[in-house]
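Student: Below is one structure. I have some questions about it.
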Amino acid sequence: MCGIVGYVGDKTAVPILMEGIKKLEYRGYDSAGIALLERGEMVFQKNAGKIKVLEENLAGKRFTATCGIAHTRWATHGEPNDTNAHPHTDESGRIAVVHNGIIENYRSLKKYLEGKGHTFRTETDTEIIAHLIEDNYDGDLLSAVRKALKRVEGTYGIAVVCKENPDEIIAARHGSPLVIGSGSGENFVASDVSAILRHTKQVVYLEDGELARVTPDGFSISTLQNVEVTPELQEIEWSLEQIEKGGFEHFMLKEIYEQPVALQNAQRGRLDFEDGMSRLAGLQLQLDELLSINRVILTACGTSWHAALIGEYLIEDLSRIPVEVEYASEFRYRSPIIPDGTVVFVISQSGETADTLAALREAKRKGATVLGICNVVGSTIARETNGGIYIHAGPEIGVASTKAFTSQIMVLSLVTLLLGRMRHMSIEKGRQLLEGIRNIPTQVQLILDNAEQVKRIADMYCDHNNFLYLGRGINFPVALEGALKLKEISYIHAEGYPAAEMKHGPIALIDENMPVVVIALKDQVYDKVLSNIQEIKARNGRVIAVASQGDDEIKRLADHVIYIPNVLYHLSPMLSIIPLQLLAYYIALNRGRDVDQPRNLAKSVTVE
Ligand code: G6P
């Protein structure tokens with residue numbers, strides 16, 4: 001999704017801005033641009049395509065500007081060409097705006113402005129903002145932006161510069177994340193902290209309805225209603241090394257390999273062997289509140305939604321509380337029934353997904369206690385929930401989510417343990433789960449040590465154009481996630497199905513050209529899954545099985561067997577997904593795909 005970086009200080013802005021937007025590349029974009037206040041003039045460069053193109057066009061030009069804004073655009077209104085790339089300007093070219101989000105009433109605003117003699121050069125909604133600011137400008141940029149935004153409906157994170165206010169950036173937020181970075185003699189604006197982490201770890205997150213005036217010496221924050229806000233500085237915990245590839249070819253591979261550490265971090269300090277339960281102070285719920293929970297709703301998008309499905313199996317089976325899982329995009333527009341005793345968990349790696357945030361707000365409006373399971377500390381969802389649990393996976397940069405997924409399951413297992421122990425679960429069962437949880441990071445490492453085998457299978461199957469993924473019980477959502485991983489980064493059509501449902505449709509597709517990835521662990525549904533494998537083999541399908549260590553029987557049926565360590569059924573998704581992540585990665589690599597930045601996808605979807 002779009003990215004914003006702004007700089008005002010005593011250094012040359014171009015390298016800082018360019019490096020900043022490069023750090024945001026992973027979020028997905030199709031054009032990039034920059035605006036600089038250069039010796040009393042506004043200078044622009046913007047191009048469709050990768051940042052490299054922009055860089056080539058800037059090469060050789062000596063810029064001295066110490067103030068500017070830059071942007072990566074993920075097209076929503078108008079195709080991704082040079083003209084529609086940000087920054088956008090007003091009629092006179094004095095004011096430049098970069099914008100994340102969508103202006104919903106842009107048509108009526110355009111008409112209004114055209115009536116006042118404005119002409120428009122692009123098909124974007126953003127250009128309207130620049131003209132609207134111009135319409136209100138009388139030398140005070142902050143006031144002009146405030147007046148303009150009062151007329152705007154929709155979502156925005158914007159940064160604005162004006163030729164006549166050379167040492168000033170105005171930033172404003174409504175629904176699209178924006179952070180102000182505090183430096184010495186310099187200050188920053190960004191849509192994501194990773195863009196400015198090299199320069200500062202002291203940041204202020206803007207809230208919806210807030211504007212910031214940023215100069216080299218400081219910044220002030222006020223609301224749309226012109227009420228002064230005291231900025232709350234926060235320290236970013238992530239290090240620079242964490243947002244670099246560290247010797248791996250891709251962020252995705254690095255993040256797959258970081259899972260043993262991530263899973264360790266997700267459970268650190270949270271296991272209580274004495275009482276056979278977990279400690280989750282972040283939930284901020286009193287004992288009686290925990291006991292009164294009689295229904296759980298899990299809502300999320302994408303991979304986080306798959307983690308939610310696994311959460312349903314965990315919580316219903318082990319805590320014996322009814323659970324509903326819903327896509328956040330559906331939840332927000334339904335009229336969900338939320339009786340007393342309902343707790344809503346919103347699950348989001350980024351903590352910024354627009355649909356998940358809207359679902360959170362809808363649940364709160366209906367009086368539910370809303371808890372978050374997030375990765376990004378200080379993200380909007382983390383701030384707006386009543387309490388929650390950070391997964392502590394560290395920055396996830398590859399668009400295809402991997403370590404956040406397994407860490408979300410880890411945290412859901414801990415929630416299950418807590419809720420279960422307060423109800424029916426015995427202390428022995430609790431300790432058994434804890435023991436299993438403690439072993440997961442080492443077991444994940446064992447699977448990663450066998451990555452070469454998965455790579456060989458990927459080499460064999462990378463030319464196939466359709467894949468089916470099957471699983472049962474708690475491994476059905478893993479089949480969905482395995483298929484999603486393949487789809488996202490290799491652009492191969494893949495479907496996930498509950499194994500037994502295969503005969504109600506997908507079986508028609510099976511022939512020798514249809515590889516079927518089956519999760520067939522030695523659990524309560526093992527025999528049933530074996531029967532499904534027989535059905536595939538009877539139709540000449542090719543079976544790649546993910547099986548339990550020591551299972552020799554499956555070797556006779558499947559074409560390839562990837563073994564994973566023996567594990568408790570309820571914890572098995574944290575292991576069974578690992579070979580599927582690797583399979584997707586190596587197939588995409590074989591096909592020459594851009595693994596970290598797959599086409600059309602965005603890491604953090606901050607528009608509807
Ligand atoms: C995008 C990403 C997915 C992610 C989903 C939800 O589609 O590409 O990887 O699972 O958003 O994101 P969240 O940050 O809310 O978990």
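Ordering of the structure tokens sets the chain letters (A, B, ...), residue numbers begin anew at 1 in every chain, and ligands are numbered from 1 in the order given.
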Write as JSON, numbers by chain the residues around ligand 1, taking 7 Å as the cut-off and counting only C-alpha atoms and all ligand atoms.
Tutor: {"A": [300, 301, 302, 303, 304, 347, 348, 349, 350, 351, 352, 353, 356, 399, 400, 401, 601, 602, 603, 604, 605]}
Student: Taking N, CA, C and O atoms for each residue, export the selection above as a PDB file, in the first residue's frame.
Tutor:
```pdb
ATOM      1  N   ALA A 300     -10.500 -10.925  11.488  1.00  0.00           N
ATOM      2  CA  ALA A 300      -9.197 -10.601  10.895  1.00  0.00           C
ATOM      3  C   ALA A 300      -9.313 -10.666   9.379  1.00  0.00           C
ATOM      4  O   ALA A 300     -10.393 -10.952   8.845  1.00  0.00           O
ATOM      5  N   CYS A 301      -8.206 -10.434   8.690  1.00  0.00           N
ATOM      6  CA  CYS A 301      -8.156 -10.555   7.229  1.00  0.00           C
ATOM      7  C   CYS A 301      -6.966 -11.428   6.825  1.00  0.00           C
ATOM      8  O   CYS A 301      -5.987 -11.526   7.565  1.00  0.00           O
ATOM      9  N   GLY A 302      -7.041 -11.995   5.645  1.00  0.00           N
ATOM     10  CA  GLY A 302      -5.897 -12.691   5.038  1.00  0.00           C
ATOM     11  C   GLY A 302      -5.345 -13.805   5.923  1.00  0.00           C
ATOM     12  O   GLY A 302      -6.085 -14.617   6.498  1.00  0.00           O
ATOM     13  N   THR A 303      -4.040 -13.817   6.024  1.00  0.00           N
ATOM     14  CA  THR A 303      -3.368 -14.851   6.816  1.00  0.00           C
ATOM     15  C   THR A 303      -3.800 -14.796   8.279  1.00  0.00           C
ATOM     16  O   THR A 303      -3.952 -15.833   8.932  1.00  0.00           O
ATOM     17  N   SER A 304      -4.020 -13.606   8.786  1.00  0.00           N
ATOM     18  CA  SER A 304      -4.449 -13.484  10.186  1.00  0.00           C
ATOM     19  C   SER A 304      -5.817 -14.145  10.379  1.00  0.00           C
ATOM     20  O   SER A 304      -6.119 -14.674  11.455  1.00  0.00           O
ATOM     21  N   ILE A 347      -7.298  -9.757  15.144  1.00  0.00           N
ATOM     22  CA  ILE A 347      -5.944 -10.276  14.929  1.00  0.00           C
ATOM     23  C   ILE A 347      -5.352  -9.561  13.720  1.00  0.00           C
ATOM     24  O   ILE A 347      -5.949  -9.562  12.642  1.00  0.00           O
ATOM     25  N   SER A 348      -4.208  -8.946  13.902  1.00  0.00           N
ATOM     26  CA  SER A 348      -3.598  -8.214  12.790  1.00  0.00           C
ATOM     27  C   SER A 348      -2.099  -8.078  13.000  1.00  0.00           C
ATOM     28  O   SER A 348      -1.673  -7.579  14.039  1.00  0.00           O
ATOM     29  N   GLN A 349      -1.337  -8.520  12.027  1.00  0.00           N
ATOM     30  CA  GLN A 349       0.110  -8.345  12.104  1.00  0.00           C
ATOM     31  C   GLN A 349       0.445  -6.868  12.188  1.00  0.00           C
ATOM     32  O   GLN A 349       1.111  -6.420  13.111  1.00  0.00           O
ATOM     33  N   SER A 350      -0.029  -6.110  11.196  1.00  0.00           N
ATOM     34  CA  SER A 350       0.355  -4.699  11.088  1.00  0.00           C
ATOM     35  C   SER A 350      -0.336  -3.826  12.117  1.00  0.00           C
ATOM     36  O   SER A 350       0.178  -2.785  12.509  1.00  0.00           O
ATOM     37  N   GLY A 351      -1.535  -4.248  12.513  1.00  0.00           N
ATOM     38  CA  GLY A 351      -2.327  -3.399  13.399  1.00  0.00           C
ATOM     39  C   GLY A 351      -2.914  -2.197  12.666  1.00  0.00           C
ATOM     40  O   GLY A 351      -3.392  -1.252  13.296  1.00  0.00           O
ATOM     41  N   GLU A 352      -2.879  -2.223  11.333  1.00  0.00           N
ATOM     42  CA  GLU A 352      -3.360  -1.070  10.561  1.00  0.00           C
ATOM     43  C   GLU A 352      -4.370  -1.451   9.485  1.00  0.00           C
ATOM     44  O   GLU A 352      -4.834  -0.568   8.763  1.00  0.00           O
ATOM     45  N   THR A 353      -4.689  -2.718   9.328  1.00  0.00           N
ATOM     46  CA  THR A 353      -5.583  -3.132   8.247  1.00  0.00           C
ATOM     47  C   THR A 353      -6.943  -2.432   8.397  1.00  0.00           C
ATOM     48  O   THR A 353      -7.592  -2.536   9.443  1.00  0.00           O
ATOM     49  N   THR A 356     -10.038  -4.482   9.436  1.00  0.00           N
ATOM     50  CA  THR A 356      -9.943  -5.018  10.799  1.00  0.00           C
ATOM     51  C   THR A 356     -10.168  -3.894  11.813  1.00  0.00           C
ATOM     52  O   THR A 356     -10.846  -4.074  12.829  1.00  0.00           O
ATOM     53  N   VAL A 399       5.854  -9.555   1.932  1.00  0.00           N
ATOM     54  CA  VAL A 399       4.399  -9.359   1.850  1.00  0.00           C
ATOM     55  C   VAL A 399       3.651 -10.610   2.315  1.00  0.00           C
ATOM     56  O   VAL A 399       2.636 -10.533   3.002  1.00  0.00           O
ATOM     57  N   ALA A 400       4.181 -11.779   1.949  1.00  0.00           N
ATOM     58  CA  ALA A 400       3.531 -13.016   2.392  1.00  0.00           C
ATOM     59  C   ALA A 400       3.886 -13.260   3.863  1.00  0.00           C
ATOM     60  O   ALA A 400       5.045 -13.423   4.218  1.00  0.00           O
ATOM     61  N   SER A 401       2.878 -13.274   4.685  1.00  0.00           N
ATOM     62  CA  SER A 401       3.102 -13.391   6.135  1.00  0.00           C
ATOM     63  C   SER A 401       3.522 -14.813   6.518  1.00  0.00           C
ATOM     64  O   SER A 401       2.923 -15.785   6.067  1.00  0.00           O
ATOM     65  N   LEU A 601      -0.147  -7.007  -4.666  1.00  0.00           N
ATOM     66  CA  LEU A 601      -0.400  -7.197  -3.234  1.00  0.00           C
ATOM     67  C   LEU A 601       0.261  -6.103  -2.406  1.00  0.00           C
ATOM     68  O   LEU A 601       1.235  -5.500  -2.828  1.00  0.00           O
ATOM     69  N   ALA A 602      -0.283  -5.897  -1.228  1.00  0.00           N
ATOM     70  CA  ALA A 602       0.303  -4.929  -0.303  1.00  0.00           C
ATOM     71  C   ALA A 602       0.459  -5.588   1.056  1.00  0.00           C
ATOM     72  O   ALA A 602      -0.329  -6.451   1.430  1.00  0.00           O
ATOM     73  N   LYS A 603       1.485  -5.184   1.749  1.00  0.00           N
ATOM     74  CA  LYS A 603       1.745  -5.774   3.065  1.00  0.00           C
ATOM     75  C   LYS A 603       0.677  -5.360   4.060  1.00  0.00           C
ATOM     76  O   LYS A 603       0.245  -6.139   4.891  1.00  0.00           O
ATOM     77  N   SER A 604       0.325  -4.098   3.984  1.00  0.00           N
ATOM     78  CA  SER A 604      -0.604  -3.600   4.973  1.00  0.00           C
ATOM     79  C   SER A 604      -1.700  -2.862   4.213  1.00  0.00           C
ATOM     80  O   SER A 604      -1.435  -1.853   3.554  1.00  0.00           O
ATOM     81  N   VAL A 605      -2.911  -3.397   4.256  1.00  0.00           N
ATOM     82  CA  VAL A 605      -3.973  -2.859   3.412  1.00  0.00           C
ATOM     83  C   VAL A 605      -4.753  -1.808   4.198  1.00  0.00           C
ATOM     84  O   VAL A 605      -5.671  -2.130   4.950  1.00  0.00           O
TER      85      VAL A 605
END
```
Student: Could you go through range 340-517 of chain A and tell me which residues DSSP, when run on the backbone, assigns to helix (DSSP H, G or I), listing them as number ranges by chain?
Tutor: A: 354-365, 380-384, 403-421, 427-448, 451-461, 473-490, 499-504, 506-509
Student: Excluding Asn187 in chain A and any residue of its chain fewer than 6 positions from it, enumerate the residues within 12 Å of it, using only C-alpha atoms, and give them as number ranges by chain.
Tutor: A: 5-11, 13, 16, 66-68, 167-171, 179-181, 196, 199-204, 212-220
Student: Save out the residues we just selected, C-alpha atoms, as a PDB file, in the first residue's frame.
Tutor:
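Produced file result-v5.pdb, reproduced below:
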```pdb
ATOM      1  CA  VAL A   5       8.178   9.951   3.872  1.00  0.00           C
ATOM      2  CA  GLY A   6       8.842  13.586   4.704  1.00  0.00           C
ATOM      3  CA  TYR A   7      12.017  15.327   5.853  1.00  0.00           C
ATOM      4  CA  VAL A   8      12.764  18.794   7.154  1.00  0.00           C
ATOM      5  CA  GLY A   9      16.119  19.592   8.755  1.00  0.00           C
ATOM      6  CA  ASP A  10      19.690  20.618   8.070  1.00  0.00           C
ATOM      7  CA  LYS A  11      20.739  17.777   5.755  1.00  0.00           C
ATOM      8  CA  ALA A  13      16.696  15.756   1.833  1.00  0.00           C
ATOM      9  CA  ILE A  16      16.971  10.543   3.243  1.00  0.00           C
ATOM     10  CA  THR A  66      16.622  20.318   3.061  1.00  0.00           C
ATOM     11  CA  CYS A  67      12.866  19.858   2.989  1.00  0.00           C
ATOM     12  CA  GLY A  68      10.773  17.514   0.882  1.00  0.00           C
ATOM     13  CA  ASP A 167      10.965  24.876   6.332  1.00  0.00           C
ATOM     14  CA  GLU A 168       7.673  23.272   7.118  1.00  0.00           C
ATOM     15  CA  ILE A 169       5.732  20.067   6.486  1.00  0.00           C
ATOM     16  CA  ILE A 170       2.113  19.751   7.476  1.00  0.00           C
ATOM     17  CA  ALA A 171       0.993  16.193   8.184  1.00  0.00           C
ATOM     18  CA  VAL A 179       4.111   8.917  12.492  1.00  0.00           C
ATOM     19  CA  ILE A 180       6.295  11.925  13.294  1.00  0.00           C
ATOM     20  CA  GLY A 181       9.959  11.128  13.967  1.00  0.00           C
ATOM     21  CA  ILE A 196      12.870   6.616   9.446  1.00  0.00           C
ATOM     22  CA  HIS A 199      17.541   8.363  11.854  1.00  0.00           C
ATOM     23  CA  THR A 200      15.438   8.244  14.990  1.00  0.00           C
ATOM     24  CA  LYS A 201      13.672   5.894  17.368  1.00  0.00           C
ATOM     25  CA  GLN A 202      11.697   8.662  19.085  1.00  0.00           C
ATOM     26  CA  VAL A 203       8.290   8.945  17.467  1.00  0.00           C
ATOM     27  CA  VAL A 204       4.792  10.266  17.963  1.00  0.00           C
ATOM     28  CA  ALA A 212       1.136  18.189  12.836  1.00  0.00           C
ATOM     29  CA  ARG A 213       3.248  21.169  11.874  1.00  0.00           C
ATOM     30  CA  VAL A 214       6.774  19.855  11.484  1.00  0.00           C
ATOM     31  CA  THR A 215       9.848  22.133  11.241  1.00  0.00           C
ATOM     32  CA  PRO A 216      13.591  21.506  11.737  1.00  0.00           C
ATOM     33  CA  ASP A 217      13.367  22.556  15.388  1.00  0.00           C
ATOM     34  CA  GLY A 218      10.296  20.662  16.491  1.00  0.00           C
ATOM     35  CA  PHE A 219       6.690  19.894  15.863  1.00  0.00           C
ATOM     36  CA  SER A 220       3.311  20.810  17.244  1.00  0.00           C
TER      37      SER A 220
END
```
Student: Go through A:Glu123, A:Glu428, A:Tyr156, A:Glu237 and flag the residue nearest Glu274 in chain A, using only C-alpha atoms for the distances.
Tutor: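 Comparing A:Glu123, A:Glu428, A:Tyr156, A:Glu237 against Glu274 in chain A, the winner is A:Glu428.
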Student: I want to know what sits within 7 Å of range 28-45 of chain A, based on only C-alpha atoms, with residues of the same chain fewer than 5 positions away left out; could you give that as a VMD selection string?
Tutor: chain A and resid 1 to 2 50 to 51 54 63 to 65 67 to 75 80 85 to 87 94 96 163 166 597 601 to 603
Student: May I have the selected residues written with C-alpha atoms, as an mmCIF file, in the first residue's frame?
Tutor:
```cif
data_model
loop_
_atom_site.group_PDB
_atom_site.id
_atom_site.type_symbol
_atom_site.label_atom_id
_atom_site.label_comp_id
_atom_site.auth_asym_id
_atom_site.auth_seq_id
_atom_site.Cartn_x
_atom_site.Cartn_y
_atom_site.Cartn_z
ATOM 1 C CA MET A 1 0.000 0.000 0.000
ATOM 2 C CA CYS A 2 1.085 3.625 -0.417
ATOM 3 C CA LYS A 50 9.928 0.894 -9.350
ATOM 4 C CA ILE A 51 11.860 3.384 -7.230
ATOM 5 C CA LEU A 54 12.809 7.458 -10.051
ATOM 6 C CA PHE A 63 19.784 18.947 -5.137
ATOM 7 C CA THR A 64 20.465 20.982 -2.024
ATOM 8 C CA ALA A 65 16.914 21.014 -0.642
ATOM 9 C CA CYS A 67 12.866 19.858 2.989
ATOM 10 C CA GLY A 68 10.773 17.514 0.882
ATOM 11 C CA ILE A 69 8.199 14.758 0.679
ATOM 12 C CA ALA A 70 8.243 11.415 -1.135
ATOM 13 C CA HIS A 71 5.687 8.742 -1.896
ATOM 14 C CA THR A 72 5.144 5.240 -3.194
ATOM 15 C CA ARG A 73 1.696 4.832 -4.741
ATOM 16 C CA TRP A 74 -0.523 1.755 -4.885
ATOM 17 C CA ALA A 75 -3.143 2.815 -7.416
ATOM 18 C CA PRO A 80 -0.392 3.703 -12.314
ATOM 19 C CA ALA A 85 1.956 9.277 -9.309
ATOM 20 C CA HIS A 86 2.222 11.480 -6.202
ATOM 21 C CA PRO A 87 3.062 14.219 -5.193
ATOM 22 C CA ARG A 94 3.150 26.016 -5.119
ATOM 23 C CA ALA A 96 2.518 19.600 -3.101
ATOM 24 C CA LYS A 163 6.961 26.851 -1.751
ATOM 25 C CA PRO A 166 10.156 26.423 2.932
ATOM 26 C CA GLN A 597 6.904 -7.795 -3.464
ATOM 27 C CA LEU A 601 -0.400 -7.197 -3.234
ATOM 28 C CA ALA A 602 0.303 -4.929 -0.303
ATOM 29 C CA LYS A 603 1.745 -5.774 3.065
#
```
Student: Write out as a PyMOL selection string all residues of range 169-379 of chain A that DSSP puts in strand (DSSP E or B) for this structure's backbone.
Tutor: chain A and resi 169-175+179-182+187-190+202-205+210-215+218-223+228-229+234-235+271-272+277-278+295-300+323-327+342-348+369-374
Student: What's the separation between CA of Gly311 in chain A and CA of Leu412 in chain A, in Å to one decimal place?
Tutor: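 Here the two named atoms are 5.7 Å from each other.
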Student: Have a look at CA of Leu480 in chain A and CA of Ala404 in chain A and let me know their distance in Å, one decimal.
Tutor: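 Taking CA of Leu480 in chain A as the start and CA of Ala404 in chain A as the end point, the length is 15.9 Å.
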Student: With a cut-off of 6 Å, could you pull out the residues of range 541-599 of chain A touching range 517-529 of chain A and give me the nearest pair of atoms for each, distance in Å to one decimal, using only C-alpha atoms, ordered by chain and ascending number, as CSV?
Tutor:
```
residue,atom,partner,partner_atom,distance
A:Val543,CA,A:Val517,CA,5.9
A:Ile544,CA,A:Val517,CA,4.7
A:Ala545,CA,A:Val518,CA,4.8
A:Val546,CA,A:Ile519,CA,4.8
A:Ala547,CA,A:Leu521,CA,4.8
A:Ser548,CA,A:Leu521,CA,5.1
```
Student: Take the residues from that selection and write them out as an mmCIF file, in the first residue's frame, keeping C-alpha atoms.
Tutor:
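What landed in result39.cif:
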```
data_model
loop_
_atom_site.group_PDB
_atom_site.id
_atom_site.type_symbol
_atom_site.label_atom_id
_atom_site.label_comp_id
_atom_site.auth_asym_id
_atom_site.auth_seq_id
_atom_site.Cartn_x
_atom_site.Cartn_y
_atom_site.Cartn_z
ATOM 1 C CA VAL A 543 0.526 -36.532 -3.457
ATOM 2 C CA ILE A 544 2.971 -34.505 -1.406
ATOM 3 C CA ALA A 545 2.276 -35.461 2.192
ATOM 4 C CA VAL A 546 3.265 -33.651 5.354
ATOM 5 C CA ALA A 547 3.425 -36.504 7.866
ATOM 6 C CA SER A 548 4.462 -37.360 11.414
#
```
Student: Give me the residues near Glu104 in chain A as a count of residues only, where near means some atom within 8 Å (using only C-alpha atoms) and where sequence neighbours in that chain fewer than 3 positions away do not count.
Tutor: 5
Student: I'd like the contact shell of Val346 in chain A - 7 Å cut-off, only C-alpha atoms, skipping same-chain residues fewer than 5 positions apart - returned as a PyMOL selection string.
Tutor: chain A and resi 298-300+356+360+371-373
Student: At what distance in Å, to one decimal, does CA of Gly341 in chain A lie from CA of Asp288 in chain A?
Tutor: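 Rounded to one decimal, the two atoms are 10.9 Å apart.
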Student: Which of these residues is nearest to Gly482 in chain A, using only C-alpha atoms: A:Asn265, A:Ser413, A:Asn100, A:Gln581?
Tutor: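 The closest residue to Gly482 in chain A is A:Gln581.
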Student: Just the residues within 12 Å of Gly550 in chain A, please, counting only C-alpha atoms, with nothing from its chain fewer than 2 positions along; format it as a list of chain:residue names.
Tutor: A:Leu521, A:Lys522, A:Ala547, A:Ser548, A:Asp552, A:Glu553, A:Ile554, A:Lys555, A:Val561, A:Ile562, A:Tyr563, A:Ile564, A:Pro565, A:Asn566
Student: Could you check the closest approach to Asn466 in chain A for each of A:Asn513, A:Leu433, A:Tyr497, A:Pro441 and tell me which residue wins, using only C-alpha atoms?
Tutor: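 Selected residue with least distance to Asn466 in chain A: A:Asn513.
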Student: Out of A:Gln432, A:Ser329, A:Thr124, A:Asn475, which residue has the shortest atom-to-atom distance to Ile102 in chain A when counting only C-alpha atoms?
Tutor: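 Comparing A:Gln432, A:Ser329, A:Thr124, A:Asn475 against Ile102 in chain A, the winner is A:Thr124.
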Student: Which of these, A:Gly398, A:Gly388, A:Pro579, A:Gly473, has the shortest distance to Leu253 in chain A once you count only C-alpha atoms?
Tutor: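 Between A:Gly398, A:Gly388, A:Pro579, A:Gly473, the residue approaching Leu253 in chain A most closely is A:Gly398.
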